[in-house]
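The structure file target.cif is reproduced below (mmCIF, C-alpha atoms).
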```cif
data_protein
#
loop_
_atom_site.label_atom_id
_atom_site.label_comp_id
_atom_site.auth_asym_id
_atom_site.auth_seq_id
_atom_site.Cartn_x
_atom_site.Cartn_y
_atom_site.Cartn_z
CA MET A 23 5.36 47.60 -6.64
CA LYS A 24 1.92 47.22 -8.23
CA ARG A 25 3.29 44.91 -10.86
CA LYS A 26 4.95 42.76 -8.20
CA ILE A 27 1.72 42.58 -6.17
CA ARG A 28 -0.24 41.54 -9.24
CA LYS A 29 2.24 38.84 -10.11
CA ARG A 30 2.10 37.50 -6.57
CA GLY A 31 -1.69 37.48 -6.73
CA ARG A 32 -1.65 35.41 -9.88
CA VAL A 33 0.50 32.63 -8.41
CA PRO A 34 -2.21 31.09 -6.16
CA PHE A 35 -4.73 31.21 -9.02
CA ILE A 36 -2.32 29.50 -11.43
CA GLY A 37 -1.50 26.98 -8.70
CA LYS A 38 -5.18 26.15 -8.26
CA ILE A 39 -5.61 25.64 -11.99
CA PHE A 40 -2.59 23.34 -12.07
CA ALA A 41 -3.90 21.43 -9.02
CA VAL A 42 -7.31 20.94 -10.64
CA PHE A 43 -5.69 19.81 -13.89
CA LEU A 44 -3.44 17.37 -12.02
CA ALA A 45 -6.37 16.00 -10.02
CA PHE A 46 -8.32 15.51 -13.25
CA ILE A 47 -5.46 13.55 -14.83
CA ILE A 48 -5.18 11.32 -11.75
CA LEU A 49 -8.88 10.79 -11.02
CA PHE A 50 -10.35 10.53 -14.52
CA PRO A 51 -8.98 7.01 -15.24
CA PHE A 52 -10.59 5.78 -12.01
CA TYR A 53 -13.87 7.45 -12.94
CA TRP A 54 -13.73 5.87 -16.40
CA ILE A 55 -13.15 2.40 -14.95
CA VAL A 56 -16.08 2.74 -12.55
CA ILE A 57 -18.62 4.00 -15.10
CA SER A 58 -17.45 1.44 -17.66
CA SER A 59 -18.20 -1.35 -15.20
CA PHE A 60 -21.88 -0.32 -15.29
CA LYS A 61 -22.11 -0.17 -19.11
CA THR A 62 -23.60 -2.97 -21.16
CA SER A 63 -21.29 -5.09 -23.32
CA ASP A 64 -22.39 -3.38 -26.54
CA THR A 65 -21.84 0.17 -25.20
CA ILE A 66 -18.73 -0.29 -23.08
CA VAL A 67 -16.39 0.70 -25.93
CA HIS A 68 -18.34 3.90 -26.63
CA PRO A 69 -16.70 7.08 -25.24
CA ASP A 70 -19.71 8.10 -23.15
CA LEU A 71 -19.00 10.05 -19.96
CA TRP A 72 -22.10 8.48 -18.41
CA PRO A 73 -23.62 5.04 -19.15
CA VAL A 74 -26.42 5.24 -21.72
CA LYS A 75 -27.54 1.78 -20.61
CA SER A 76 -26.73 0.72 -17.04
CA THR A 77 -26.38 -2.84 -15.84
CA LEU A 78 -25.07 -4.85 -12.90
CA ALA A 79 -24.54 -7.96 -15.02
CA HIS A 80 -20.73 -7.68 -14.91
CA TYR A 81 -20.73 -7.63 -11.12
CA GLN A 82 -23.20 -10.50 -10.92
CA GLN A 83 -21.09 -12.61 -13.26
CA LEU A 84 -17.93 -11.74 -11.36
CA LEU A 85 -19.28 -12.48 -7.89
CA SER A 86 -20.72 -15.77 -9.11
CA THR A 87 -17.28 -16.85 -10.34
CA PRO A 88 -15.55 -19.10 -7.75
CA THR A 89 -12.09 -18.00 -8.95
CA PHE A 90 -12.73 -14.32 -8.21
CA VAL A 91 -14.28 -15.03 -4.81
CA SER A 92 -11.33 -17.27 -3.95
CA GLY A 93 -8.89 -14.56 -5.08
CA LEU A 94 -10.66 -12.00 -2.92
CA LYS A 95 -10.49 -14.34 0.09
CA SER A 96 -6.79 -15.04 -0.52
CA SER A 97 -5.99 -11.33 -0.79
CA LEU A 98 -7.80 -10.61 2.48
CA ILE A 99 -5.94 -13.41 4.29
CA VAL A 100 -2.52 -12.41 2.91
CA THR A 101 -3.10 -8.70 3.53
CA ALA A 102 -4.32 -9.20 7.10
CA GLY A 103 -1.42 -11.52 7.91
CA THR A 104 1.08 -9.11 6.36
CA VAL A 105 -0.18 -6.08 8.28
CA VAL A 106 -0.24 -7.85 11.66
CA ILE A 107 3.23 -9.40 11.34
CA LEU A 108 4.66 -6.23 9.78
CA LEU A 109 3.47 -4.09 12.69
CA VAL A 110 4.98 -6.44 15.28
CA ILE A 111 8.36 -6.64 13.50
CA VAL A 112 8.59 -2.94 12.65
CA ILE A 113 7.63 -1.70 16.13
CA LEU A 114 10.09 -4.00 17.89
CA ALA A 115 12.91 -3.44 15.37
CA SER A 116 12.57 0.34 15.29
CA TYR A 117 12.31 0.49 19.09
CA GLY A 118 15.56 -1.38 19.46
CA LEU A 119 17.29 0.51 16.66
CA TYR A 120 16.28 4.06 17.52
CA ARG A 121 16.00 4.02 21.35
CA PHE A 122 19.14 2.09 22.31
CA GLU A 123 22.83 2.62 21.64
CA PHE A 124 24.94 -0.32 20.45
CA LYS A 125 27.97 -0.97 18.29
CA GLY A 126 27.26 -0.93 14.55
CA LYS A 127 23.97 0.97 14.89
CA ALA A 128 24.74 3.49 12.12
CA PHE A 129 25.88 0.73 9.76
CA LEU A 130 22.76 -1.35 10.44
CA ASN A 131 20.56 1.68 9.76
CA LYS A 132 22.17 2.12 6.34
CA VAL A 133 21.89 -1.59 5.53
CA ILE A 134 18.16 -1.53 6.28
CA LEU A 135 17.61 1.31 3.82
CA LEU A 136 19.83 -0.41 1.24
CA ALA A 137 17.66 -3.52 1.50
CA TYR A 138 14.60 -1.40 0.65
CA ILE A 139 16.05 0.02 -2.59
CA PHE A 140 17.33 -3.38 -3.76
CA PRO A 141 15.19 -4.47 -6.77
CA GLY A 142 13.06 -7.44 -5.81
CA ILE A 143 12.89 -8.84 -9.34
CA LEU A 144 16.53 -9.94 -9.00
CA LEU A 145 15.55 -12.22 -6.12
CA VAL A 146 12.80 -14.16 -7.86
CA VAL A 147 14.89 -17.25 -8.65
CA PRO A 148 16.73 -17.56 -5.28
CA VAL A 149 13.50 -16.84 -3.37
CA TYR A 150 11.65 -19.56 -5.25
CA ASP A 151 14.52 -21.98 -4.61
CA ILE A 152 14.50 -21.23 -0.87
CA MET A 153 10.72 -21.49 -0.60
CA ALA A 154 10.77 -24.80 -2.46
CA LYS A 155 13.40 -26.24 -0.10
CA ILE A 156 11.38 -25.32 2.99
CA HIS A 157 8.12 -26.47 1.33
CA LEU A 158 6.37 -23.10 1.37
CA VAL A 159 5.67 -22.79 -2.36
CA ASP A 160 1.94 -22.53 -3.05
CA SER A 161 0.98 -21.26 0.39
CA TYR A 162 -0.19 -18.09 2.09
CA ALA A 163 2.90 -18.14 4.31
CA ALA A 164 5.24 -17.62 1.34
CA LEU A 165 3.34 -14.53 0.18
CA ILE A 166 3.15 -13.06 3.69
CA ILE A 167 6.87 -13.61 4.25
CA MET A 168 7.78 -11.85 1.01
CA ASN A 169 5.41 -8.94 1.62
CA VAL A 170 6.81 -8.38 5.11
CA THR A 171 10.39 -8.77 3.89
CA PHE A 172 10.11 -6.00 1.31
CA ALA A 173 7.90 -3.64 3.34
CA ALA A 174 9.73 -3.85 6.69
CA PRO A 175 12.98 -2.01 5.77
CA PHE A 176 11.21 1.13 4.60
CA CYS A 177 8.76 1.06 7.52
CA VAL A 178 11.57 0.69 10.07
CA TRP A 179 13.38 3.65 8.53
CA LEU A 180 10.11 5.60 8.49
CA MET A 181 9.58 5.06 12.22
CA ASN A 182 12.84 6.86 12.96
CA GLY A 183 11.14 10.25 12.80
CA PHE A 184 8.33 9.13 15.09
CA PHE A 185 10.64 7.74 17.75
CA ALA A 186 12.78 10.88 17.51
CA SER A 187 9.70 12.96 18.37
CA VAL A 188 9.31 11.18 21.72
CA PRO A 189 11.66 12.69 24.36
CA LYS A 190 14.04 10.19 25.92
CA SER A 191 13.29 11.77 29.28
CA LEU A 192 9.97 9.90 29.20
CA ASP A 193 11.88 6.62 28.98
CA GLU A 194 14.06 7.61 31.93
CA SER A 195 11.06 8.67 34.04
CA ALA A 196 9.21 5.43 33.24
CA ALA A 197 12.31 3.39 34.09
CA LEU A 198 12.56 5.15 37.48
CA ASP A 199 8.92 4.23 38.09
CA GLY A 200 9.85 0.56 37.65
CA LEU A 201 8.72 -0.10 34.07
CA SER A 202 10.73 -2.62 32.06
CA LYS A 203 11.93 -1.84 28.54
CA MET A 204 8.99 -3.74 27.10
CA GLY A 205 6.65 -1.95 29.48
CA ILE A 206 8.01 1.41 28.30
CA LEU A 207 7.32 0.39 24.71
CA LEU A 208 3.77 -0.78 25.43
CA LYS A 209 2.66 1.94 27.83
CA ILE A 210 4.66 4.98 26.66
CA HIS A 211 5.69 4.67 23.03
CA ILE A 212 2.82 2.83 21.35
CA PRO A 213 0.13 5.32 22.55
CA LEU A 214 2.30 8.20 21.31
CA LEU A 215 3.17 6.50 18.00
CA LYS A 216 -0.37 5.86 16.75
CA PRO A 217 0.10 8.04 13.61
CA GLY A 218 3.28 6.15 12.76
CA ILE A 219 1.65 2.79 13.39
CA ALA A 220 -1.28 3.80 11.17
CA THR A 221 1.17 4.83 8.44
CA VAL A 222 2.95 1.47 8.59
CA ALA A 223 -0.37 -0.40 8.56
CA VAL A 224 -1.65 1.46 5.48
CA TYR A 225 1.66 1.04 3.66
CA GLY A 226 1.69 -2.69 4.41
CA LEU A 227 -1.94 -3.02 3.35
CA ILE A 228 -1.39 -1.34 -0.01
CA SER A 229 1.83 -3.28 -0.66
CA ALA A 230 0.24 -6.65 0.13
CA TRP A 231 -3.03 -5.93 -1.68
CA THR A 232 -1.30 -4.95 -4.94
CA GLU A 233 1.70 -7.34 -4.89
CA PHE A 234 1.95 -9.25 -8.17
CA THR A 235 5.51 -10.42 -8.91
CA PHE A 236 6.04 -13.00 -6.16
CA ALA A 237 2.37 -13.98 -6.10
CA SER A 238 2.65 -15.00 -9.74
CA ILE A 239 5.78 -17.05 -9.04
CA LEU A 240 5.15 -18.66 -5.65
CA VAL A 241 1.48 -19.62 -6.12
CA ILE A 242 0.37 -22.42 -8.42
CA SER A 243 -3.10 -23.62 -7.37
CA ASP A 244 -6.21 -21.46 -7.74
CA GLU A 245 -6.92 -21.77 -4.02
CA TYR A 246 -4.02 -19.48 -3.07
CA LYS A 247 -4.06 -17.05 -6.00
CA THR A 248 -4.55 -13.45 -4.92
CA LEU A 249 -6.67 -10.81 -6.59
CA PRO A 250 -3.98 -9.32 -8.89
CA ILE A 251 -3.34 -12.80 -10.36
CA VAL A 252 -7.06 -13.40 -10.83
CA LEU A 253 -7.48 -10.03 -12.57
CA LYS A 254 -4.72 -10.90 -14.99
CA ALA A 255 -6.38 -14.24 -15.78
CA ILE A 256 -9.63 -12.51 -16.80
CA THR A 257 -7.93 -11.30 -19.98
CA SER A 258 -7.67 -14.40 -22.17
CA SER A 259 -5.60 -14.91 -25.29
CA TYR A 260 -8.54 -14.51 -27.66
CA THR A 261 -11.10 -12.17 -26.06
CA VAL A 262 -11.03 -9.23 -23.69
CA GLN A 263 -13.99 -9.12 -21.32
CA TRP A 264 -13.95 -5.40 -20.64
CA GLY A 265 -17.05 -5.52 -18.47
CA GLN A 266 -15.59 -8.03 -16.03
CA ILE A 267 -12.18 -6.34 -16.13
CA THR A 268 -13.58 -2.95 -15.13
CA ALA A 269 -15.93 -4.48 -12.56
CA SER A 270 -13.12 -6.50 -10.97
CA ALA A 271 -10.83 -3.45 -10.98
CA THR A 272 -13.56 -1.43 -9.24
CA LEU A 273 -14.07 -4.09 -6.57
CA ALA A 274 -10.30 -4.38 -6.10
CA MET A 275 -9.96 -0.61 -5.60
CA LEU A 276 -12.94 -0.31 -3.26
CA PRO A 277 -11.34 -1.60 0.00
CA ILE A 278 -8.25 0.59 -0.48
CA ILE A 279 -10.37 3.67 -1.23
CA VAL A 280 -12.63 3.11 1.78
CA ILE A 281 -9.72 2.56 4.18
CA PHE A 282 -7.72 5.47 2.77
CA ALA A 283 -10.75 7.74 3.11
CA PHE A 284 -10.66 7.21 6.89
CA VAL A 285 -6.92 7.01 7.59
CA GLY A 286 -5.46 8.82 4.56
CA LYS A 287 -4.67 11.98 6.51
CA TYR A 288 -2.71 9.94 9.05
CA PHE A 289 -0.83 8.16 6.27
CA ILE A 290 0.18 11.36 4.47
CA GLY A 291 0.96 13.15 7.72
CA GLY A 292 2.90 10.12 8.87
CA LEU A 293 5.04 10.06 5.77
CA ILE A 294 5.93 13.72 6.31
CA ALA A 295 6.51 13.36 10.05
CA GLY A 296 8.48 10.14 9.63
CA ALA A 297 10.82 11.78 7.14
CA ILE A 298 11.65 14.62 9.55
CA LYS A 299 14.42 13.84 11.97
CA GLU A 300 14.98 16.19 14.84
#
```
Go through the file and emit its structure as structure tokens.
Amino acid sequence: MKRKIRKRGRVPFIGKIFAVFLAFIILFPFYWIVISSFKTSDTIVHPDLWPVKSTLAHYQQLLSTPTFVSGLKSSLIVTAGTVVILLVIVILASYGLYRFEFKGKAFLNKVILLAYIFPGILLVVPVYDIMAKIHLVDSYAALIIMNVTFAAPFCVWLMNGFFASVPKSLDESAALDGLSKMGILLKIHIPLLKPGIATVAVYGLISAWTEFTFASILVISDEYKTLPIVLKAITSSYTVQWGQITASATLAMLPIIVIFAFVGKYFIGGLIAGAIKE
């Protein structure tokens, strides 16, 4: 018995060590990028855990570059548009799919999930052809449409668990009180689905902010290039400007880190709750 108790006592300690080691592996690259952005050009390649010489020159050069500022503006516009449209589509689609009974409901649910796992790289050529025919190439609208298209299936499926947690008796009581179906959604479901809505918003934000494949295909002019495309352009064919690369990577990570610091618990909890179906 003593041996068994000792072994059980060691498990949490070993788990903590493993958790610390895993956190170090995940967080250290981010730490290295941030401190490297403050190093001078002649010391940035040195393996110092803290800058021997600190400077803000890389940030000053970056923020004075019109291309980077334009890329930041484009990313903000595309991300905001994606999140707003995604929330509207996902809330309405999941409400209709998971609160009403109709023929072909189970099949449609499977098709939605199948659309999520379909590799987007296979659609690059047909998507470009369609966007060219409707004159949306080189525009914010094309990027927003693609971001919403690929994020919506997973988000609709994710909302299943949230809608399942709301008793249908609330719908029936609200209907007896005279509320329409849209009124039930707005006054009953949306207040109760705030964690799920926050989860969808964060997922859409991260997807849109980091999207690279279609942004590199559908955008031609510098005016509409998003931040991932601008970051790629910093690395030229002949020189690598490590200072600007690390500074731009730090600035690109900053909005996601700040937002996730406030709503991260809702996002993680939402992923768990949304995956549980009662």
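Nearest residue to Ser116 of chain A among A:Leu240, A:Ala220, A:Ala174, A:Leu49 is A:Ala174, counting only C-alpha atoms.
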- Nearest to Thr62 of chain A by atom-to-atom distance, counting all atoms listed in the file, from A:Val178, A:Ala230, A:Ala269, A:Ala283: A:Ala269
- Which of these, A:Ala223, A:Ser59, A:Thr257, A:Ser238, has the shortest distance to Phe282 of chain A once you count all atoms listed in the file?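 Of A:Ala223, A:Ser59, A:Thr257, A:Ser238, the one nearest Phe282 of chain A is A:Ala223, counting all atoms listed in the file.
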- Message: Between A:Val56, A:Val262, A:Val224, A:Ala271, which residue has the minimum interatomic distance to Leu109 of chain A, considering all atoms listed in the file?
- Response: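 Selected residue with least distance to Leu109 of chain A: A:Val224.
Residues with any atom within 6 Å of segment 90-104 of chain A, counting only C-alpha atoms and excluding same-chain neighbours fewer than 2 positions away, are Thr87, Pro88, Val106, Ile107, Leu108, Ile166, Val170, Leu227, Ala230, Trp231, Tyr246, Lys247, Thr248 and Leu249 of chain A.
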- Item | Selected residue of minimal separation from Thr89 of chain A among A:His68, A:Lys209, A:Lys254, A:Arg121, counting only C-alpha atoms |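 Once distances to Thr89 of chain A are computed over only C-alpha atoms, the minimum belongs to A:Lys254.
Proximity to Leu78 of chain A at 7 Å, evaluated using only C-alpha atoms and with sequence-adjacent residues fewer than 3 positions away removed, yields Phe60, Tyr81 and Gln82 of chain A.
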- Message: Report, in Å with one decimal, the straight-line distance from atom CA of Phe172 of chain A to atom CA of Val188 of chain A.
- Response: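 Calculated distance between atom CA of Phe172 of chain A and atom CA of Val188 of chain A is 26.7 Å.
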- Hits of the PyMOL selection byres ((chain A and resi 143) around 12) in this structure, as a PyMOL selection string: chain A and resi 139-142+144-150+168+172+234-236+238-239
- Task: For segment 70-77 of chain A, work out the shell of residues within 8 Å, counting all atoms listed in the file and skipping chain neighbours fewer than 3 positions away, then give it as a ChimeraX atom specification.
- Result: /A:54,57-58,60-62,65,80
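Remark: for Leu165 of chain A, the closest of the candidate residues A:Asn131, A:Glu233, A:Ile210, A:Ser187 is A:Glu233 (distances computed over all atoms listed in the file).
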